[in-house]
Amino acid sequence: MVKEGRNVNTRSRDARKVDGKNAVLSRSGGDRGFSLVEMVVAISVFAVMMAVVIPHLLGIGVKAQAIACEQNQRMIRAALSEYYLEHHSYPTGDSETQLQALVTDGLLDSVPQDPSGGTYDITDTDPSSVTVDCSVHGSLGDDGK
Ligand SMILES: [Zn+2]
């Protein structure tokens, strides 16, 4: 019984060795690497995927920047309203100075930065309708208070 078991084990090990050899032999035969047609097909599929995916991703990026800009503008308008309630006037100076005054008053954590590199322009010539404009995105989310 014991001998037979050993024999079976030895035989299966030999079989594995042979299988391994066969695998190596067939790999070193005609199957090495990819054929030119396979490469062309793979590259074409990849190119088509990129052509579809990249513009989509870029579009999402632009949309996300506009949404972030809109949030900044809403935040600035809200801070300006709050400033007006406290001081009965809007901060003076150019837009940069006004934004800094909102930060100094603790109404903004920091001067909001436009994600697309634009600058925010505050127009308060008419105290009843203050506008915030982005040099890149224009006025967004202005729901008339
Ligand atoms: Zn913007």
# chains A, B, ... in the order shown; residues from 1 in each chain; ligands from 1
>>> residues_near_ligand(ligand="ligand 1", cutoff="12 Å", atoms="only C-alpha atoms and all ligand atoms", output="short mmCIF file (atom, residue, chain, number, x, y, z; two decimals) with C-alpha atoms, in the first residue's frame")
data_model
loop_
_atom_site.label_atom_id
_atom_site.label_comp_id
_atom_site.auth_asym_id
_atom_site.auth_seq_id
_atom_site.Cartn_x
_atom_site.Cartn_y
_atom_site.Cartn_z
CA VAL A 62 -14.35 72.80 -16.11
CA LYS A 63 -17.80 72.25 -14.62
CA ALA A 64 -16.32 71.61 -11.16
CA GLN A 65 -14.29 74.84 -11.38
CA ALA A 66 -17.40 76.84 -12.29
CA ILE A 67 -19.29 75.30 -9.36
CA ALA A 68 -16.43 76.11 -6.96
CA CYS A 69 -16.34 79.67 -8.34
CA GLU A 70 -20.10 80.01 -7.83
CA GLN A 71 -19.72 78.89 -4.22
CA ASN A 72 -16.95 81.48 -3.70
CA GLN A 73 -19.15 84.23 -5.11
CA ARG A 74 -22.07 83.22 -2.88
CA PRO A 112 -11.34 83.14 -1.91
CA GLN A 113 -9.22 82.00 -4.82
CA ASP A 114 -10.87 81.28 -8.15
CA PRO A 115 -9.99 77.71 -9.21
CA SER A 116 -9.38 78.91 -12.78
CA GLY A 117 -7.06 81.72 -11.70
CA GLY A 118 -9.60 84.52 -12.12
CA THR A 119 -10.02 87.45 -9.74
CA TYR A 120 -13.18 88.56 -7.96
CA ASP A 121 -14.50 92.02 -8.62
CA VAL A 132 -19.58 89.95 -7.40
CA ASP A 133 -17.98 89.08 -10.74
CA CYS A 134 -15.28 86.60 -11.61
CA SER A 135 -12.87 87.67 -14.34
CA VAL A 136 -13.10 84.14 -15.78
CA HIS A 137 -16.63 82.93 -15.04
CA GLY A 138 -18.57 86.18 -14.74
CA SER A 139 -21.33 86.54 -12.17
CA LEU A 140 -22.62 83.13 -11.05
CA GLY A 141 -25.40 82.09 -8.70
#
>>> atom_distance(atom1="CA of Pro55 in chain A", atom2="CA of Val37 in chain A")
27.8 Å
>>> residues_around(residues="range 83-90 of chain A", least_positions_apart="2", cutoff="8 Å", atoms="only C-alpha atoms", output="PyMOL selection string")
chain A and resi 79-81+92+102+105+107+124+127
>>> select_by_dssp(residues="range 45-133 of chain A", states="strand (DSSP E)", output="PyMOL selection string")
chain A and resi 120-123+131-133
>>> atom_distance(atom1="CA of Met50 in chain A", atom2="CA of Leu36 in chain A")
20.9 Å
>>> residues_around(residues="Thr123 in chain A", least_positions_apart="3", cutoff="8 Å", atoms="only C-alpha atoms", output="MDAnalysis selection string")
chainID A and resid 95 126 130:132
>>> write_last_selection(atoms="C-alpha atoms", output="short mmCIF file (atom, residue, chain, number, x, y, z; two decimals), in the first residue's frame")
data_model
loop_
_atom_site.label_atom_id
_atom_site.label_comp_id
_atom_site.auth_asym_id
_atom_site.auth_seq_id
_atom_site.Cartn_x
_atom_site.Cartn_y
_atom_site.Cartn_z
CA SER A 95 -12.09 94.68 -4.57
CA ASP A 126 -25.54 100.82 -5.85
CA VAL A 130 -23.96 94.62 -4.87
CA THR A 131 -22.52 92.32 -7.52
CA VAL A 132 -19.58 89.95 -7.40
#
